[in-house]
$ cat run_10.csv   # CSV, C-alpha atoms
chain,number,residue,atom,x,y,z
A,27,MET,CA,-49.7,-42.5,-13.3
A,28,LYS,CA,-48.9,-41.6,-9.7
A,29,LYS,CA,-46.1,-44.3,-9.6
A,30,CYS,CA,-44.6,-42.9,-12.8
A,31,VAL,CA,-44.5,-39.4,-11.3
A,32,ILE,CA,-42.8,-40.6,-8.1
A,33,TYR,CA,-40.3,-42.7,-10.1
A,34,LEU,CA,-39.4,-39.7,-12.3
A,35,ALA,CA,-39.0,-37.5,-9.2
A,36,LEU,CA,-36.6,-40.0,-7.7
A,37,LEU,CA,-34.6,-40.3,-10.9
A,38,LEU,CA,-34.2,-36.5,-11.1
A,39,PHE,CA,-33.1,-36.5,-7.5
A,40,VAL,CA,-30.4,-39.1,-8.2
A,41,PHE,CA,-29.0,-37.2,-11.1
A,42,ALA,CA,-29.0,-34.0,-9.2
A,43,SER,CA,-27.1,-35.7,-6.3
A,44,CYS,CA,-24.4,-36.9,-8.8
A,45,GLU,CA,-23.9,-33.4,-10.1
A,46,LYS,CA,-20.5,-31.9,-9.1
A,47,ILE,CA,-20.9,-29.2,-6.4
A,48,GLU,CA,-18.1,-26.7,-6.2
A,49,PRO,CA,-16.8,-26.3,-2.6
A,50,GLU,CA,-17.4,-22.9,-1.0
A,51,LYS,CA,-14.3,-20.7,-1.1
A,52,THR,CA,-13.3,-20.0,2.5
A,53,ARG,CA,-9.5,-19.6,2.2
A,54,ARG,CA,-7.6,-16.3,2.7
A,55,SER,CA,-4.7,-15.6,0.4
A,56,LEU,CA,-1.9,-13.1,1.0
A,57,LEU,CA,0.1,-12.0,-2.1
A,58,ILE,CA,3.4,-10.2,-1.5
A,59,TYR,CA,4.3,-8.5,-4.7
A,60,ILE,CA,8.0,-7.6,-4.7
A,61,ALA,CA,9.0,-5.5,-7.7
A,62,ALA,CA,12.7,-5.2,-7.2
A,63,ASN,CA,14.1,-5.2,-10.7
A,64,ASN,CA,15.6,-1.8,-9.8
A,65,SER,CA,18.0,-0.1,-7.3
A,66,LEU,CA,16.3,-1.9,-4.4
A,67,SER,CA,17.3,-5.4,-5.8
A,68,SER,CA,20.0,-6.0,-3.2
A,69,TYR,CA,17.5,-5.4,-0.4
A,70,MET,CA,14.9,-7.9,-1.6
A,71,GLN,CA,16.6,-10.8,0.0
A,72,GLN,CA,16.2,-9.3,3.5
A,73,SER,CA,12.5,-9.4,3.1
A,74,VAL,CA,12.5,-12.8,1.6
A,75,ASP,CA,14.5,-14.2,4.5
A,76,LEU,CA,12.2,-12.6,7.0
A,77,ILE,CA,9.2,-14.2,5.3
A,78,ALA,CA,10.7,-17.6,5.7
A,79,LYS,CA,11.5,-17.0,9.4
A,80,GLY,CA,8.0,-16.0,10.3
A,81,TYR,CA,4.6,-17.7,10.1
A,82,VAL,CA,4.2,-19.8,7.0
A,83,PRO,CA,1.0,-21.9,6.7
A,84,ASP,CA,1.3,-25.7,6.9
A,85,GLU,CA,1.2,-27.5,3.6
A,86,ASN,CA,-2.1,-29.2,4.6
A,87,ASN,CA,-3.7,-25.9,5.6
A,88,ARG,CA,-6.2,-25.2,2.8
A,89,ASP,CA,-7.6,-22.1,4.4
A,90,GLU,CA,-4.4,-20.0,4.4
A,91,VAL,CA,-2.3,-19.4,1.3
A,92,LEU,CA,0.9,-17.4,1.2
A,93,LEU,CA,2.0,-16.3,-2.2
A,94,VAL,CA,5.2,-14.3,-3.0
A,95,PHE,CA,6.1,-12.8,-6.3
A,96,THR,CA,9.7,-11.7,-6.7
A,97,HIS,CA,11.6,-10.0,-9.5
A,98,SER,CA,15.1,-8.7,-9.0
A,99,TYR,CA,18.3,-8.0,-11.1
A,100,ASN,CA,19.5,-11.2,-12.7
A,101,GLY,CA,16.6,-13.1,-11.2
A,102,GLU,CA,13.7,-14.7,-13.0
A,103,PRO,CA,10.3,-13.1,-12.3
A,104,THR,CA,8.6,-15.9,-10.3
A,105,LEU,CA,5.4,-16.5,-8.4
A,106,TYR,CA,5.9,-18.9,-5.4
A,107,HIS,CA,3.6,-20.7,-3.1
A,108,TYR,CA,5.2,-20.7,0.4
A,109,TYR,CA,4.2,-23.5,2.7
A,110,SER,CA,5.7,-25.2,5.8
A,111,ASP,CA,6.6,-28.9,5.7
A,112,ARG,CA,7.0,-30.5,9.2
A,113,LYS,CA,10.1,-32.4,8.1
A,114,GLU,CA,11.7,-30.0,5.6
A,115,GLY,CA,10.7,-26.7,7.0
A,116,VAL,CA,9.6,-23.8,4.8
A,117,GLN,CA,9.3,-24.7,1.2
A,118,ARG,CA,8.8,-22.6,-2.0
A,119,GLU,CA,6.7,-24.1,-4.8
A,120,VAL,CA,7.2,-22.5,-8.1
A,121,LEU,CA,3.7,-21.7,-9.6
A,122,GLU,CA,4.8,-19.7,-12.6
A,123,THR,CA,8.1,-18.4,-14.0
A,124,PHE,CA,7.7,-15.5,-16.4
A,125,GLU,CA,9.5,-14.6,-19.6
A,126,ASP,CA,12.6,-12.4,-19.7
A,127,THR,CA,10.7,-9.5,-21.1
A,128,PHE,CA,8.3,-9.5,-18.1
A,129,ASN,CA,8.1,-6.0,-16.5
A,130,SER,CA,7.0,-6.0,-12.9
A,131,ALA,CA,6.2,-2.3,-13.0
A,132,ASP,CA,3.7,-2.7,-15.8
A,133,ILE,CA,0.0,-2.8,-15.0
A,134,GLU,CA,-0.7,-5.7,-17.2
A,135,SER,CA,2.1,-7.7,-15.7
A,136,PHE,CA,0.7,-7.1,-12.2
A,137,ARG,CA,-2.7,-8.1,-13.4
A,138,ARG,CA,-1.3,-11.3,-14.8
A,139,VAL,CA,0.3,-12.3,-11.5
A,140,ARG,CA,-2.9,-11.6,-9.6
A,141,SER,CA,-4.9,-13.6,-12.1
A,142,ILE,CA,-2.5,-16.6,-12.0
A,143,ALA,CA,-2.5,-16.5,-8.2
A,144,GLU,CA,-6.3,-16.7,-8.2
A,145,GLU,CA,-6.3,-19.5,-10.7
A,146,TYR,CA,-4.1,-21.7,-8.5
A,147,PHE,CA,-5.8,-20.7,-5.3
A,148,PRO,CA,-9.3,-19.3,-5.7
A,149,SER,CA,-10.0,-17.5,-2.4
A,150,ALA,CA,-12.8,-15.7,-0.7
A,151,LYS,CA,-10.6,-13.3,1.1
A,152,HIS,CA,-7.5,-11.5,-0.1
A,153,ASP,CA,-4.7,-9.4,1.3
A,154,LEU,CA,-1.9,-7.7,-0.7
A,155,VAL,CA,1.5,-6.3,0.0
A,156,LEU,CA,3.1,-4.0,-2.6
A,157,TRP,CA,6.9,-3.8,-2.2
A,158,SER,CA,9.0,-1.5,-4.3
A,159,HIS,CA,9.9,2.1,-5.0
A,160,ALA,CA,7.1,4.7,-4.8
A,161,SER,CA,6.3,8.4,-4.7
A,162,GLY,CA,2.8,8.6,-3.3
A,163,TRP,CA,0.2,10.2,-5.5
A,164,LEU,CA,2.6,11.9,-7.9
A,165,PRO,CA,2.3,11.2,-11.6
A,166,VAL,CA,4.8,8.9,-13.2
A,167,GLY,CA,8.3,10.3,-13.3
A,168,TYR,CA,7.4,13.6,-11.6
A,169,TYR,CA,9.4,13.1,-8.5
A,170,SER,CA,12.7,12.8,-10.4
A,171,SER,CA,11.8,15.5,-13.0
A,172,PRO,CA,9.4,18.0,-11.5
A,173,GLU,CA,8.6,21.4,-12.9
A,174,PRO,CA,10.0,23.8,-12.4
A,175,TYR,CA,13.2,21.9,-11.7
A,176,ILE,CA,13.7,21.3,-8.0
A,177,SER,CA,17.4,20.7,-7.1
A,178,VAL,CA,18.3,18.2,-4.5
A,179,SER,CA,20.0,20.0,-1.6
A,180,GLN,CA,23.3,18.4,-0.5
A,181,THR,CA,23.3,20.3,2.8
A,182,ASN,CA,24.1,18.0,5.7
A,183,MET,CA,23.8,14.9,3.4
A,184,GLY,CA,27.0,13.3,4.4
A,185,GLU,CA,25.5,11.7,7.5
A,186,TYR,CA,22.7,10.1,5.5
A,187,GLU,CA,24.5,8.9,2.4
A,188,GLU,CA,24.0,5.3,3.3
A,189,PHE,CA,20.2,5.8,3.1
A,190,GLU,CA,20.2,7.2,-0.5
A,191,HIS,CA,18.7,4.0,-1.8
A,192,ILE,CA,15.4,5.1,-0.3
A,193,ALA,CA,15.2,8.1,-2.6
A,194,VAL,CA,12.2,7.6,-4.8
A,195,ASN,CA,11.2,8.5,-8.3
A,196,GLN,CA,8.2,6.4,-9.0
A,197,SER,CA,4.4,6.5,-8.6
A,198,PHE,CA,4.7,2.8,-7.8
A,199,GLY,CA,7.3,0.3,-8.9
A,200,ALA,CA,10.3,0.7,-11.2
A,201,ASP,CA,11.5,-1.6,-13.9
A,202,HIS,CA,13.4,-0.3,-17.0
A,203,ASN,CA,11.9,3.2,-16.8
A,204,VAL,CA,8.4,1.8,-16.5
A,205,GLU,CA,6.2,2.8,-13.5
A,206,MET,CA,2.6,2.3,-12.4
A,207,ASP,CA,0.4,5.4,-12.2
A,208,ILE,CA,-1.6,5.3,-9.0
A,209,ILE,CA,-4.9,6.1,-10.8
A,210,GLU,CA,-4.3,3.2,-13.2
A,211,LEU,CA,-3.1,0.9,-10.4
A,212,ALA,CA,-6.3,1.4,-8.4
A,213,ALA,CA,-8.4,1.0,-11.4
A,214,SER,CA,-6.8,-2.4,-12.2
A,215,LEU,CA,-8.1,-3.8,-8.9
A,216,PRO,CA,-11.6,-5.2,-8.4
A,217,ASP,CA,-13.9,-3.3,-6.0
A,218,ASN,CA,-14.0,-4.6,-2.4
A,219,TYR,CA,-11.5,-7.4,-3.3
A,220,TYR,CA,-8.9,-6.9,-0.6
A,221,ASN,CA,-9.4,-6.7,3.2
A,222,LEU,CA,-5.9,-5.3,3.7
A,223,VAL,CA,-3.4,-3.6,1.4
A,224,ILE,CA,0.1,-2.8,2.8
A,225,PHE,CA,2.4,-0.4,0.9
A,226,ASP,CA,5.9,-1.4,1.7
A,227,CYS,CA,7.2,1.6,-0.2
A,228,CYS,CA,7.9,5.3,0.3
A,229,LEU,CA,5.5,8.2,0.7
A,230,MET,CA,2.3,6.3,0.1
A,231,GLY,CA,0.6,7.4,3.3
A,232,CYS,CA,-1.2,10.3,1.8
A,233,VAL,CA,-4.9,11.0,1.7
A,234,GLU,CA,-4.8,11.1,-2.1
A,235,VAL,CA,-3.7,7.5,-2.3
A,236,ALA,CA,-6.0,6.3,0.5
A,237,TYR,CA,-9.0,7.8,-1.2
A,238,GLN,CA,-8.0,6.5,-4.6
A,239,PHE,CA,-8.0,3.0,-3.1
A,240,ARG,CA,-11.0,3.4,-0.8
A,241,ASN,CA,-13.3,1.0,-2.8
A,242,LYS,CA,-10.6,-1.6,-3.3
A,243,CYS,CA,-9.9,-2.6,0.2
A,244,ARG,CA,-11.2,-2.2,3.8
A,245,TYR,CA,-7.9,-1.3,5.4
A,246,MET,CA,-4.6,0.1,4.3
A,247,ILE,CA,-1.2,0.3,6.0
A,248,PHE,CA,1.4,2.7,4.7
A,249,SER,CA,3.9,5.5,5.6
A,250,PRO,CA,3.6,9.2,4.9
A,251,THR,CA,7.4,9.5,4.9
A,252,GLU,CA,9.9,7.4,3.1
A,253,ILE,CA,10.6,3.8,4.3
A,254,LEU,CA,14.1,2.5,5.2
A,255,SER,CA,15.3,-0.4,3.1
A,256,SER,CA,14.5,-2.9,5.9
A,257,GLY,CA,10.9,-2.4,5.2
A,258,PHE,CA,8.3,-4.3,7.2
A,259,PRO,CA,9.1,-7.1,9.7
A,260,TYR,CA,7.7,-10.0,7.7
A,261,ASN,CA,8.7,-12.4,10.4
A,262,THR,CA,5.9,-11.1,12.6
A,263,ILE,CA,3.3,-9.5,10.5
A,264,ILE,CA,2.2,-12.4,8.2
A,265,GLU,CA,0.7,-14.3,11.1
A,266,LYS,CA,-1.4,-11.3,12.1
A,267,CYS,CA,-2.7,-11.1,8.5
A,268,PHE,CA,-4.0,-14.7,8.7
A,269,LYS,CA,-4.9,-15.1,12.4
A,270,GLN,CA,-6.2,-11.7,13.3
A,271,PRO,CA,-7.6,-10.0,10.1
A,272,ASP,CA,-9.2,-7.1,11.9
A,273,ILE,CA,-8.4,-3.6,13.3
A,274,GLN,CA,-6.6,-5.0,16.3
A,275,GLY,CA,-4.4,-7.3,14.3
A,276,TYR,CA,-3.6,-4.7,11.7
A,277,GLY,CA,-2.9,-2.2,14.5
A,278,GLY,CA,-0.4,-4.9,15.8
A,279,ILE,CA,1.3,-4.9,12.4
A,280,CYS,CA,1.7,-1.1,12.6
A,281,LEU,CA,3.2,-1.5,16.1
A,282,ASP,CA,5.5,-4.2,15.0
A,283,TYR,CA,6.8,-1.9,12.2
A,284,PHE,CA,7.2,1.1,14.6
A,285,ASN,CA,9.0,-0.9,17.3
A,286,MET,CA,11.4,-2.4,14.7
A,287,TYR,CA,12.7,1.1,14.1
A,288,ASP,CA,12.0,2.9,17.4
A,289,THR,CA,14.4,0.5,19.2
A,290,GLN,CA,17.2,1.6,16.9
A,291,THR,CA,19.6,4.5,17.4
A,292,GLY,CA,20.7,7.4,15.2
A,293,VAL,CA,19.2,7.8,11.8
A,294,ASN,CA,18.0,4.2,11.9
A,295,ARG,CA,15.4,5.3,14.4
A,296,SER,CA,13.2,6.6,11.6
A,297,ALA,CA,9.6,5.5,10.9
A,298,THR,CA,6.1,6.7,10.4
A,299,VAL,CA,3.2,4.3,9.9
A,300,SER,CA,-0.6,4.5,9.7
A,301,LEU,CA,-3.6,2.2,9.5
A,302,VAL,CA,-6.6,3.6,7.5
A,303,ASP,CA,-10.2,2.4,7.7
A,304,CYS,CA,-11.3,3.0,4.1
A,305,SER,CA,-15.0,2.8,4.9
A,306,LEU,CA,-14.7,6.1,6.7
A,307,LEU,CA,-12.9,8.1,4.0
A,308,GLU,CA,-16.1,9.3,2.3
A,309,GLY,CA,-17.1,11.1,5.5
A,310,LEU,CA,-13.7,12.7,5.7
A,311,ALA,CA,-13.9,13.9,2.1
A,312,THR,CA,-17.3,15.4,2.6
A,313,LEU,CA,-16.1,17.3,5.7
A,314,CYS,CA,-12.9,18.5,3.9
A,315,LYS,CA,-15.0,19.7,0.9
A,316,SER,CA,-17.0,21.9,3.2
A,317,ILE,CA,-13.9,23.3,4.9
A,318,PHE,CA,-12.1,24.0,1.6
A,319,ASP,CA,-15.2,25.7,0.1
A,320,ASN,CA,-15.5,28.0,3.1
A,321,ASN,CA,-11.8,29.0,3.3
A,322,ARG,CA,-10.6,29.6,-0.3
A,323,GLU,CA,-9.0,32.9,0.5
A,324,ALA,CA,-7.3,31.8,3.7
A,325,MET,CA,-6.0,28.6,2.0
A,326,ALA,CA,-4.2,30.7,-0.6
A,327,SER,CA,-2.2,32.5,2.0
A,328,VAL,CA,-0.9,29.5,4.0
A,329,ASN,CA,2.8,29.6,4.7
A,330,ARG,CA,3.9,26.2,3.5
A,331,GLY,CA,7.2,26.6,5.4
A,332,MET,CA,5.3,26.5,8.7
A,333,ILE,CA,3.5,23.2,8.0
A,334,GLN,CA,4.8,19.8,9.2
A,335,LYS,CA,6.6,18.3,6.2
A,336,TYR,CA,7.2,14.6,5.3
A,337,TYR,CA,9.5,15.1,2.4
A,338,ARG,CA,13.3,15.7,1.9
A,339,TYR,CA,15.3,17.2,-0.9
A,340,ASN,CA,12.9,20.2,-1.3
A,341,LYS,CA,10.4,17.8,-2.9
A,342,ASP,CA,7.5,19.7,-1.3
A,343,PHE,CA,4.5,17.6,-2.2
A,344,PHE,CA,3.8,15.9,1.2
A,345,PHE,CA,2.6,17.8,4.3
A,346,ASP,CA,0.7,16.7,7.4
A,347,MET,CA,-3.0,16.9,6.6
A,348,GLU,CA,-4.3,18.1,10.0
A,349,ASP,CA,-1.5,20.6,10.4
A,350,TYR,CA,-2.2,22.1,7.0
A,351,ILE,CA,-5.9,22.5,7.5
A,352,SER,CA,-5.4,23.9,11.0
A,353,ALA,CA,-3.6,26.8,9.4
A,354,PHE,CA,-6.9,28.2,8.0
A,355,ALA,CA,-10.0,26.4,9.4
A,356,ASP,CA,-12.0,27.6,12.4
A,357,SER,CA,-12.0,25.8,15.7
A,358,GLU,CA,-15.3,24.0,15.2
A,359,SER,CA,-14.2,22.7,11.8
A,360,LEU,CA,-10.9,21.6,13.3
A,361,SER,CA,-12.7,19.7,16.1
A,362,LYS,CA,-14.7,17.8,13.5
A,363,LEU,CA,-11.7,17.2,11.4
A,364,HIS,CA,-9.7,15.8,14.4
A,365,ASP,CA,-12.6,13.4,15.2
A,366,ALA,CA,-12.9,12.3,11.6
A,367,LEU,CA,-9.2,11.7,11.3
A,368,ASP,CA,-9.1,9.7,14.5
A,369,LYS,CA,-11.8,7.4,13.2
A,370,ALA,CA,-10.4,7.0,9.7
A,371,VAL,CA,-6.8,6.6,10.9
A,372,PRO,CA,-7.4,4.6,14.1
A,373,VAL,CA,-3.7,3.6,14.5
A,374,LYS,CA,-0.6,5.8,13.8
A,375,TYR,CA,2.9,5.9,15.1
A,376,ALA,CA,5.9,8.1,14.4
A,377,THR,CA,9.4,8.5,15.7
A,378,ASP,CA,10.5,12.0,16.8
A,379,ASN,CA,12.7,12.4,13.7
A,380,PHE,CA,12.9,10.8,10.3
A,381,ILE,CA,16.5,10.9,9.1
A,382,GLY,CA,17.1,14.2,10.7
A,383,MET,CA,13.7,15.7,9.9
A,384,PRO,CA,11.7,16.5,13.1
A,385,ILE,CA,8.2,15.0,13.3
A,386,ASN,CA,6.5,17.4,15.7
A,387,LYS,CA,2.9,16.8,14.5
A,388,TYR,CA,1.5,13.6,13.1
A,389,SER,CA,-2.1,13.1,12.0
A,390,GLY,CA,-1.3,9.9,10.1
A,391,LEU,CA,-1.9,11.2,6.6
A,392,SER,CA,-0.1,13.6,4.3
A,393,ILE,CA,-1.7,16.0,1.8
A,394,TYR,CA,-0.6,18.2,-1.1
A,395,ILE,CA,-0.6,22.0,-0.5
A,396,PRO,CA,-1.3,23.4,-4.0
A,397,LYS,CA,1.4,25.6,-5.5
A,398,SER,CA,0.7,27.8,-8.5
A,399,SER,CA,4.3,27.3,-9.9
A,400,TYR,CA,3.4,23.6,-10.4
A,401,PRO,CA,0.9,23.9,-13.3
A,402,LYS,CA,1.3,20.4,-14.7
A,403,LEU,CA,1.2,18.8,-11.3
A,404,ASN,CA,-2.0,20.7,-10.4
A,405,ALA,CA,-3.6,19.6,-13.7
A,406,TYR,CA,-2.8,16.0,-12.9
A,407,TYR,CA,-4.1,16.4,-9.3
A,408,ARG,CA,-7.5,17.4,-10.6
A,409,ASN,CA,-7.8,13.8,-12.0
A,410,LEU,CA,-7.5,12.2,-8.5
A,411,ASP,CA,-10.6,11.0,-6.8
A,412,TRP,CA,-9.7,13.0,-3.7
A,413,ASN,CA,-9.7,16.3,-5.6
A,414,LYS,CA,-12.9,15.4,-7.4
A,415,ALA,CA,-14.6,14.8,-4.1
A,416,THR,CA,-13.1,17.8,-2.2
A,417,GLY,CA,-12.2,20.4,-4.8
A,418,LEU,CA,-8.9,21.1,-3.1
A,419,ILE,CA,-7.8,22.5,-6.5
A,420,LEU,CA,-10.6,24.1,-8.5
$ encode --input "run_10.csv" --output "structure tokens"
Amino acid sequence: MKKCVIYLALLLFVFASCEKIEPEKTRRSLLIYIAANNSLSSYMQQSVDLIAKGYVPDENNRDEVLLVFTHSYNGEPTLYHYYSDRKEGVQREVLETFEDTFNSADIESFRRVRSIAEEYFPSAKHDLVLWSHASGWLPVGYYSSPEPYISVSQTNMGEYEEFEHIAVNQSFGADHNVEMDIIELAASLPDNYYNLVIFDCCLMGCVEVAYQFRNKCRYMIFSPTEILSSGFPYNTIIEKCFKQPDIQGYGGICLDYFNMYDTQTGVNRSATVSLVDCSLLEGLATLCKSIFDNNREAMASVNRGMIQKYYRYNKDFFFDMEDYISAFADSESLSKLHDALDKAVPVKYATDNFIGMPINKYSGLSIYIPKSSYPKLNAYYRNLDWNKATGLIL
């Protein structure tokens, strides 16, 4: 009887040993999502060329995967796997080509691309770059059609006409009048899925966007102002994503971006960029709730014209966060706020001017200053996680 038991145990061990064991996922994948089926189409190639000139993982490197989705005018929406061949150089492997009706600014389309990327390359760690038009936390279409109507001032615009392609009218993305709402975009992402999200698009560096995405990624890089068409320097930043995925490496990405523009002259010397540690945003929100609750009357009398702005064309939805709160909070609260912002935004750079707009104060995040003449906008704002946590608008 004892022999039979031993034999049966050995038999079970053999069968168990033959069972397929899935390898542990250790790879890091970086997906660059370029939604350029819009007025930015002609600028897409610049970024694509820079990607190929920078660090591209070797074809035999199973731990680093570079994926690039592109969609431009007259171009098929396609998901590529970039890899480096020692003999042939940088190669693009087509993973999926999408139908003509594919809309890159649709939430479901974005979800499809992410899903297909994961099917081809299941990864334990993920980074994401979102490249397109954008307008921060604003609801879809509001930037181009606000209420009441806000005219675009043409004063002194002649000098800046060549930069008009950066004017934005989207929450995120633009494709045949379709845009992604920020609340829906954040909801479409799994919690704690990304280590880093870079917004290579305008006006996304606001506390409202950061807080909406706080549970989706550990770090975020974005700009409180608009972004010039050159975007991020992909020839240098991709290697940092793979080789130094921490606060030092991501700070280096911010510095690379800043230096790219700070070394320019004239209006080309225009850039703001911030790195946010999302794990510290809850504490910032708790502090701000206390400050707002204790200063309702003073908040209502703030002179918006005296606060550092990050917008152009009278689109007054984006102001420096610390400068705004300093207009009504007491010194003790401001000291705590300064410390909380320094921790939550550990890296931030800004040129002295952005396309003629002076940058005299820079805390790294923008914020909305409520305005009673924007009732629809205020109603939308109440749906944002930031407002639910802080009660900026009651």
$ closest_residue --input "run_10.csv" --among "A:Leu254, A:Ile264, A:Ala236, A:Ala212" --to "A:Asn294" --atoms "only C-alpha atoms"
A:Leu254
$ closest_residue --input "run_10.csv" --among "A:Pro172, A:Ile209, A:Leu222, A:Phe354" --to "A:Asn340" --atoms "all atoms listed in the file"
A:Pro172
$ atom_distance --input "run_10.csv" --atom1 "atom CA of A:Gln290" --atom2 "atom CA of A:Glu252"
16.7 Å
$ residues_around --input "run_10.csv" --residues "A:Gly292" --least-positions-apart "4" --cutoff "12 Å" --atoms "only C-alpha atoms" --output "ChimeraX atom specification"
/A:185-186,287-288,296,377-382
$ closest_residue --input "run_10.csv" --among "A:Leu56, A:Val204, A:Ile273, A:Ile419" --to "A:Ala150" --atoms "all atoms listed in the file"
A:Leu56
